[in-house]
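Visitor: Okay, handing you the structure first.
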Amino acid sequence: AEKAGRLLKAHGFEFDVVYTSWLSRAIETALYVVDGMDCLWLPIIKSWRLNERMYGDLTGLSKKMVAQRHGEKKFKAWRRGYKVKPPKVSSFSPHYPGNDRRYEKYVNDVRVSVRETLIRSIEKQKLTLHKKLPKSESLKDCMDRTIPFFTEHILPQAAVEGKRILISSSENAIRGLLMHLCEIPEEKITELEIPNGLPIVYDMKSKCVKLLDDGSGKDPLETHNFGEAGSYLFKPCIGEDGNPDEECSIDIEPHVLDEITQKVFSNDSNKLPESIKA
């Protein structure tokens, strides 16, 4: 992630705001990136709606363990099915978000669950309102909370105000955003792979995905696996006149490539920055 930050900085990227989820790994990734860009001061907005998909009763289990317990067929359906949900967690499972004080205290954009309120009220012998939080999610369910947040809070800043926005989130949240932005068909979205730690640049004006030259001389499409649906990401860019823009690219002067290589691949730090440790 820090390498990704140095790559973005080498290409002259500057962001106005960072969005991430409530999950530690996504937050740490965002910090690594902005540290690599020397802009730890950037405002970071966290929302549970950018969280990774809720895997229900499979949470905490390895892929191998799930396949052994439930069979390869169910494992693939739960992991890759667009509308297929894994088994739900119970109301009192430690993996249920409703038992996490963060959700209990800070989530205020979901309705009250009558069933969960009844269960909690009986348990505590007094009226205890409880919010309707997911016990399991399909990719579609994940998108149903992620896309509205994107269109209502993030998109207006990018499209109307012209801000450059960095989003650090988990695989399925990013997969859902790309499905929305790149119009990937429902039957193809499960074939899309999201490489870890790779800056994926979406240009709002040309409506296309771009990858950054890291100065290694390697084609990023050959280096990174985007899956069989990767072709939907890299369609021709569209110009302001509505026609394909053949010259759409992230411009960089050839003589800058050596400098980029030195900055991106320098091993000056493989540890958490002191500012993050604190």
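How things are named: the first chain in the structure tokens is A, the next is B, and so on; residues count from 1 in each chain; ligands count from 1 in the order shown.
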Residues within 12 Å of Phe234 in chain A, please, as number ranges by chain. Count only C-alpha atoms; anything in the same chain fewer than 5 positions from it doesn't count.
Guide: A: 178, 181-184, 200-203, 206-211, 220-221, 226, 229, 248-249
Visitor: Could you list, as JSON, numbers by chain, every residue within 10 Å of range 146-161 of chain A, counting only C-alpha atoms and ignoring same-chain residues fewer than 6 positions away?
Guide: {"A": [16, 17, 18, 19, 47, 48, 49, 50, 51, 52, 53, 140, 167, 172, 173, 174, 176, 177, 179, 180, 181, 203, 204, 205]}
Visitor: For the atom pair CA of Asn196 in chain A and CA of Thr29 in chain A, what is the interatomic distance in Å to one decimal place?
Guide: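 So the answer is 10.2 Å.
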Visitor: Would you pick out the contacts of Glu193 in chain A at 10 Å or less, using only C-alpha atoms, so that residues sharing its chain but fewer than 6 positions from it are not included, and give the list as a PyMOL selection string?
Guide: chain A and resi 171-172+175+224-230
Visitor: What is the distance, in Å and to one decimal place, between CA of Phe92 in chain A and CA of Asp109 in chain A?
Guide: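 If I compute the distance from CA of Phe92 in chain A to CA of Asp109 in chain A, I get 21.8 Å.
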Visitor: Near range 131-133 of chain A, counting only C-alpha atoms, which residues have an atom at most 8 Å away, once you skip same-chain residues fewer than 4 positions from it, shown as a list of chain:residue names?
Guide: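 Near range 131-133 of chain A, the qualifying residues are A:Pro97, A:Gly98, A:Glu104, A:Val110, A:Arg111, A:Val112, A:Ser113, A:Glu116, A:Thr117.
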Visitor: For the residues in the current selection, export C-alpha atoms as a compact mmCIF listing (two decimals), in the first residue's frame.
Guide:
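File produced: out-v1.txt:
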# COMPACT_ATOMS: atom_id res chain seq x y z
CA PRO A 97 -22.38 -6.56 13.95
CA GLY A 98 -25.23 -5.95 16.38
CA GLU A 104 -24.64 -0.15 18.45
CA VAL A 110 -30.66 1.89 9.49
CA ARG A 111 -34.12 1.12 10.79
CA VAL A 112 -34.98 -0.66 14.02
CA SER A 113 -35.40 -4.45 13.84
CA GLU A 116 -34.00 -8.25 17.33
CA THR A 117 -35.62 -5.66 19.60
Visitor: Might you pull out every residue within 10 Å of Gly81 in chain A, with only C-alpha atoms counted and same-chain residues fewer than 5 positions away left off, and present them as an NGL selection string?
Guide: :A and (74-76 or 86 or 138-140 or 186-187 or 189-190)
Visitor: Any chance you could export the current selection's N, CA and C atoms as a PDB file, in the first residue's frame?
Guide:
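Saved as result24.pdb:
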ATOM      1  N   LYS A  74     -21.004 -25.694  -2.637  1.00  0.00           N
ATOM      2  CA  LYS A  74     -21.591 -24.644  -1.810  1.00  0.00           C
ATOM      3  C   LYS A  74     -20.587 -23.520  -1.574  1.00  0.00           C
ATOM      4  N   PHE A  75     -19.333 -23.899  -1.381  1.00  0.00           N
ATOM      5  CA  PHE A  75     -18.298 -22.896  -1.152  1.00  0.00           C
ATOM      6  C   PHE A  75     -18.217 -21.920  -2.317  1.00  0.00           C
ATOM      7  N   LYS A  76     -18.202 -22.438  -3.541  1.00  0.00           N
ATOM      8  CA  LYS A  76     -18.119 -21.570  -4.718  1.00  0.00           C
ATOM      9  C   LYS A  76     -19.366 -20.710  -4.868  1.00  0.00           C
ATOM     10  N   PRO A  86     -24.323 -16.649   2.335  1.00  0.00           N
ATOM     11  CA  PRO A  86     -23.849 -17.723   3.214  1.00  0.00           C
ATOM     12  C   PRO A  86     -24.833 -17.897   4.379  1.00  0.00           C
ATOM     13  N   SER A 138     -25.005 -11.331   0.506  1.00  0.00           N
ATOM     14  CA  SER A 138     -24.527 -11.685  -0.834  1.00  0.00           C
ATOM     15  C   SER A 138     -23.783 -10.473  -1.375  1.00  0.00           C
ATOM     16  N   LEU A 139     -23.173 -10.624  -2.538  1.00  0.00           N
ATOM     17  CA  LEU A 139     -22.529  -9.463  -3.157  1.00  0.00           C
ATOM     18  C   LEU A 139     -23.567  -8.381  -3.450  1.00  0.00           C
ATOM     19  N   LYS A 140     -24.754  -8.784  -3.852  1.00  0.00           N
ATOM     20  CA  LYS A 140     -25.836  -7.823  -4.128  1.00  0.00           C
ATOM     21  C   LYS A 140     -26.190  -7.040  -2.864  1.00  0.00           C
ATOM     22  N   GLU A 186     -24.436  -8.550 -14.399  1.00  0.00           N
ATOM     23  CA  GLU A 186     -24.587  -9.344 -13.181  1.00  0.00           C
ATOM     24  C   GLU A 186     -23.956 -10.717 -13.311  1.00  0.00           C
ATOM     25  N   GLU A 187     -24.123 -11.342 -14.477  1.00  0.00           N
ATOM     26  CA  GLU A 187     -23.614 -12.700 -14.659  1.00  0.00           C
ATOM     27  C   GLU A 187     -22.098 -12.739 -14.829  1.00  0.00           C
ATOM     28  N   ILE A 189     -19.930 -10.379 -13.035  1.00  0.00           N
ATOM     29  CA  ILE A 189     -19.230  -9.708 -11.946  1.00  0.00           C
ATOM     30  C   ILE A 189     -18.467 -10.685 -11.064  1.00  0.00           C
ATOM     31  N   THR A 190     -18.937 -11.920 -10.937  1.00  0.00           N
ATOM     32  CA  THR A 190     -18.230 -12.885 -10.102  1.00  0.00           C
ATOM     33  C   THR A 190     -16.913 -13.333 -10.731  1.00  0.00           C
TER      34      THR A 190
END
Visitor: DSSP on the backbone, then: every residue of range 5-152 of chain A marked strand (DSSP E), written as JSON, numbers by chain.
Guide: {"A": [17, 18, 19, 20, 44, 45, 46]}
Visitor: Can those selected residues be exported to a file as an mmCIF file, in the first residue's frame so that it contains all heavy atoms?
Guide:
data_model
loop_
_atom_site.group_PDB
_atom_site.id
_atom_site.type_symbol
_atom_site.label_atom_id
_atom_site.label_comp_id
_atom_site.auth_asym_id
_atom_site.auth_seq_id
_atom_site.Cartn_x
_atom_site.Cartn_y
_atom_site.Cartn_z
ATOM 1 N N VAL A 17 -9.769 14.222 -0.254
ATOM 2 C CA VAL A 17 -10.391 13.513 0.864
ATOM 3 C C VAL A 17 -10.233 12.009 0.656
ATOM 4 O O VAL A 17 -10.107 11.538 -0.478
ATOM 5 C CB VAL A 17 -11.885 13.903 0.993
ATOM 6 C CG1 VAL A 17 -12.674 13.450 -0.231
ATOM 7 C CG2 VAL A 17 -12.507 13.324 2.265
ATOM 8 N N VAL A 18 -10.211 11.266 1.755
ATOM 9 C CA VAL A 18 -10.089 9.807 1.715
ATOM 10 C C VAL A 18 -11.330 9.195 2.337
ATOM 11 O O VAL A 18 -11.785 9.639 3.396
ATOM 12 C CB VAL A 18 -8.841 9.325 2.493
ATOM 13 C CG1 VAL A 18 -8.734 7.802 2.442
ATOM 14 C CG2 VAL A 18 -7.580 9.975 1.950
ATOM 15 N N TYR A 19 -11.870 8.200 1.680
ATOM 16 C CA TYR A 19 -12.993 7.431 2.229
ATOM 17 C C TYR A 19 -12.537 6.004 2.485
ATOM 18 O O TYR A 19 -11.844 5.399 1.655
ATOM 19 C CB TYR A 19 -14.183 7.409 1.262
ATOM 20 C CG TYR A 19 -15.040 8.646 1.310
ATOM 21 C CD1 TYR A 19 -14.738 9.755 0.527
ATOM 22 C CD2 TYR A 19 -16.159 8.717 2.136
ATOM 23 C CE1 TYR A 19 -15.515 10.898 0.569
ATOM 24 C CE2 TYR A 19 -16.948 9.852 2.184
ATOM 25 C CZ TYR A 19 -16.625 10.940 1.397
ATOM 26 O OH TYR A 19 -17.402 12.073 1.437
ATOM 27 N N THR A 20 -12.936 5.454 3.622
ATOM 28 C CA THR A 20 -12.624 4.069 3.920
ATOM 29 C C THR A 20 -13.733 3.484 4.791
ATOM 30 O O THR A 20 -14.698 4.168 5.138
ATOM 31 C CB THR A 20 -11.246 3.954 4.612
ATOM 32 O OG1 THR A 20 -10.884 2.575 4.725
ATOM 33 C CG2 THR A 20 -11.260 4.578 5.999
ATOM 34 N N ILE A 44 -9.904 11.888 6.568
ATOM 35 C CA ILE A 44 -10.326 10.513 6.295
ATOM 36 C C ILE A 44 -11.728 10.310 6.856
ATOM 37 O O ILE A 44 -11.959 10.488 8.055
ATOM 38 C CB ILE A 44 -9.352 9.487 6.913
ATOM 39 C CG1 ILE A 44 -7.956 9.657 6.313
ATOM 40 C CG2 ILE A 44 -9.852 8.065 6.691
ATOM 41 C CD1 ILE A 44 -6.913 8.699 6.884
ATOM 42 N N ILE A 45 -12.652 9.955 5.985
ATOM 43 C CA ILE A 45 -14.040 9.722 6.372
ATOM 44 C C ILE A 45 -14.303 8.219 6.370
ATOM 45 O O ILE A 45 -14.082 7.548 5.363
ATOM 46 C CB ILE A 45 -15.011 10.446 5.422
ATOM 47 C CG1 ILE A 45 -14.757 11.954 5.471
ATOM 48 C CG2 ILE A 45 -16.455 10.126 5.781
ATOM 49 C CD1 ILE A 45 -15.557 12.749 4.452
ATOM 50 N N LYS A 46 -14.778 7.696 7.491
ATOM 51 C CA LYS A 46 -15.036 6.262 7.615
ATOM 52 C C LYS A 46 -16.543 6.013 7.632
ATOM 53 O O LYS A 46 -17.293 6.722 8.300
ATOM 54 C CB LYS A 46 -14.403 5.707 8.889
ATOM 55 C CG LYS A 46 -12.925 6.015 9.045
ATOM 56 C CD LYS A 46 -12.393 5.433 10.354
ATOM 57 C CE LYS A 46 -10.976 5.877 10.625
ATOM 58 N NZ LYS A 46 -10.888 7.266 11.088
#
